[in-house]
2 protein chains.
Amino acid sequence: MKNKANFGATVTEASRERPTLKTIAFMTGLGITTVSRALKDAPDIGAETKERVRMVASQLGYQPNRAGVRLRTGKTNVIALVLSIDEEIMGFSSQLVFGISEVLTGTPYHIVVTPHSHSKDPMLPVRYILETGSADGVIISRIEPDDPRVRLLSERNMPFATHGRTDAGLTHPFHDFDNEAFAHQAVEKLVALGRKRIALLQPPSKLTYYTHTRIGFQTGLHDYGAEEVPLRVTIDTPLDEIRNAIEALMRSNNAPDGIVCSAGSAAIAVNAGIEAAGKRLGVDIDMATKESTPILNWIRPEIITAREDFRHAGREMAKAVIARIDGVEPELLQSISQPVWKA
Amino acid sequence: MKNKANFGATVTEASRERPTLKTIAFMTGLGITTVSRALKDAPDIGAETKERVRMVASQLGYQPNRAGVRLRTGKTNVIALVLSIDEEIMGFSSQLVFGISEVLTGTPYHIVVTPHSHSKDPMLPVRYILETGSADGVIISRIEPDDPRVRLLSERNMPFATHGRTDAGLTHPFHDFDNEAFAHQAVEKLVALGRKRIALLQPPSKLTYYTHTRIGFQTGLHDYGAEEVPLRVTIDTPLDEIRNAIEALMRSNNAPDGIVCSAGSAAIAVNAGIEAAGKRLGVDIDMATKESTPILNWIRPEIITAREDFRHAGREMAKAVIARIDGVEPELLQSISQPVWKA
DNA sequence: CAATTCTACTGTAACGTTACAGATTTTAAT
DNA sequence: ATTAAAATCTGTAACGTTACAGTAGAATTG
């Protein structure tokens with residue numbers, strides 16, 4: 001042990017300020033570089049020294065200065081979550097945030113929320129992040145089959161994960177809900193109740209999971225012998241318009257006896273439309289829907305629900321982005337979760 | 001004009017990298033300091049020079065490097081939103097986030113979401129932010145009358161805004177919903193329907209707005225001549241327990257004929273409990289509740305609702321924090337929004 | 001024992017920004 | 001014409017970190 005360590009000296013001066021590597025170097029009598037390397041467990045630092053540095057660091061409550069690290073290394077320790085502010089009704093995006101946070105707790109990463117309106121150019125937030133280098137990783141949702149954001153992020157080598165799949169030959173981390181299985185099983189459930197004329201409240205056609213949902217729905221119709229009653233609104237339609245459209249459809253002479261609903265938030269509007277038309281769930285019609293918060297059955301116990309866990313999705317995507325940052329191959333960072341039907 | 005400006009030189013070298021002050025200095029032939037000062041409109045820089053620098057900067061798409069600024073000045077350009085992950089059901093916190101973002105767009109500020117469980121020590125996230133200096137301003141919710149976080153933030157001179165008021169003599173920016181008016185008016189509406197025995201699903205007693213709600217409720221009972229039917233669950237109780245408690249109460253021989261509900265998310269559970277007991281809203285009992293997302297009336301048109309706009313709250317708090325950072329006195333940064341009853 | 005290789009540690013420079021203390025030129029005042 | 005005062009502009013240093021290129025001494029080799 002060198003004998004230039006300073007104990008107790010200038011405690012008053014140093015103790016109120018936030019400690020830096022310099023503080024630790026001063027207290028241990030080591031060089032700043034040595035302290036830096038000791039804290040990151042570099043191989044060329046003695047075991048005893050490392051131990052001593054770690055002790056002092058934790059005693060001082062040392063936390064590396066993010067700005068210093070970021071300026072020097074370019075590492076931001078930020079995960080950007082790009083959120084659409086339009087589609088939010090039932091708080092599914094907060095569940096995403098909380099899921100992501102769960103994973104980020106205990107890592108050096110922070111979550112920065114970058115909201116945008118999907119009626120505006122969806123490339124804007126991604127371009128901004130790339131141009132300013134303001135994040136180490138990005139999470140995006142509302143994925144299209146050939147999503148330009150996915151192209152751009154891949155091209156620029158920015159680690160990212162998507163909530164939903166693409167379909168344009170690009171391999172990238174994603175988490176998705178198995179919408180095909182959902183729609184197929186939803187039809188199965190409805191047919192099991194004797195329903196044969198089924199409508200689908202589907203996602204907007206430009207999103208990838210529109211196709212998944214359609215395929216599941218149509219193979220379901222085929223497999224279980226039912227027919228489709230067309231519905232022109234989507235889950236992106238404002239809720240009151242959905243309600244009105246369902247009411248009109250239920251009053252028409254083309255009324256379905258079953259409906260599959262691709263979003264938990266829309267189910268309330270669908271139910272309202274059915275009731276507004278004077279029809280009864282479980283009698284005139286049955287509905288099978290996704291739900292993110294288990295409350296639909298309190299509204300109408302007859303609603304058939306499959307749980308979609310957004311918190312889990314957030315966790316999966318956060319893990320995927322971090323793994324990607326750490327160099328894990330994208331192939332290994334893809335997951336799909338299955339619908340869980342309430343018994 | 002000096003003649004050492006470099007036009008077109010080393011375009012290839014410079015154009016792919018992100019431009020810095022150095023880039024602009026090089027292109028204009030000015031010093032780095034001059035460019036820096038020109039961009040912040042300092043008084044000792046010539047008008048013509050400023051114009052020229054601004055031109056080049058915008059042409060290059062110059063954006064100041066956040067790490068550089070942060071390291072030098074300590075300014076983080078971050079607003080931290082401390083959120084409780086437990087209370088979230090209906091997505092009210094995403095509305096907060098989106099409201100805040102609306103205001104932050106076009107400013108240099110970013111929003112970092114710092115979630116925590118309110119079953120854990122609520123001081124932790126605030127302490128972390130203060131110790132690491134990781135934000136210029138903080139927004140917190142679930143405010144207690146003598147909230148230790150408010151004390152700490154005030155003491156440390158960290159700009160902040162609260163979602164809810166305190167009651168311990170500290171002046172600070174806040175936005176609050178007028179829960180006293182809400183509860184008072186809720187009782188009024190119920191009594192107007194002939195209800196006299198009213199229960200209150202109230203906030204947990206440690207939060208400030210518990211008191212506001214109680215006062216409004218009790219003066220309401222007094223003013224309109226009704227009595228309280230005690231209810232032991234709060235809006236923090238898990239939804240299924242609320243449902244069960246309401247069901248039990250409605251089945252008892254002490255059943256209320258009116259209920260005031262302090263949270264939109266809980267209203268669904270209350271309604272479920274009422275129906276589970278075989279009672280009917282509008283017949284056996286009436287309910288007046290807050291709601292953040294206008295859907296309750298689709299579930300049961302009989303529910304009497306007052307809108308609480310969390311997006312607006314987010315906007316107000318974001319404006320308040322930024323104003324506070326800019327030195328505006330806290331007295332001027334307090335706002336209360338009134339309940340808006342659906343016609 | 002001299003030469004070589006390890007082990008353990010360190011100083012310098014740089015990331016991009018801004019505060020500060022000048023420096024230079026122009027204009028105004030005597 | 002000389003001095004004083006503005007008006008503009010600039011270099012240096014520092015914020016905290018890490019990559020890099022060392023150095024000094026101990027241990028190993030032939």
# chains A, B, ... in the order shown; residues from 1 in each chain; ligands from 1

$ closest_atom_pairs --of "chain A" --to "chain D" --cutoff "8 Å" --atoms "only C-alpha atoms (C1' of nucleotides)" --output "tab-separated table"
residue	atom	partner	partner_atom	distance
A:Thr20	CA	D:DG16	C1'	7.1
A:Leu21	CA	D:DG16	C1'	7.7
A:Thr33	CA	D:DT18	C1'	7.9
A:Ser36	CA	D:DT18	C1'	7.9
A:Asn65	CA	D:DG16	C1'	6.3
A:Ala67	CA	D:DG16	C1'	7.5
A:Gly68	CA	D:DG16	C1'	4.4
A:Val69	CA	D:DT17	C1'	5.0
A:Leu71	CA	D:DT17	C1'	7.6
A:Arg72	CA	D:DT17	C1'	5.8
A:Thr73	CA	D:DT18	C1'	7.2

$ interface_residues --of "chain A" --to "chain C" --cutoff "12 Å" --atoms "only C-alpha atoms (C1' of nucleotides)" --output "PyMOL selection string"
chain A and resi 1-2+25+29-38+42-50+67-75

$ residues_around --residues "Ala323 in chain A" --least-positions-apart "5" --cutoff "10 Å" --atoms "only C-alpha atoms (C1' of nucleotides)" --output "list in words"
Pro159, Phe160, Pro173, Met317, Ala318, Val328, Glu329, Pro330, Leu332 and Leu333 of chain A

$ select_by_dssp --residues "range 86-176 of chain A" --states "strand (DSSP E)" --output "PyMOL selection string"
chain A and resi 110-116+137-140+160-163+174-176

$ interface_residues --of "chain B" --to "chain A" --cutoff "6 Å" --atoms "only C-alpha atoms" --output "list in words"
Ala67, Arg70, Leu71, Met90, Gly91, Ser94, Ile111, Val112, Ala272 and Trp298 of chain B
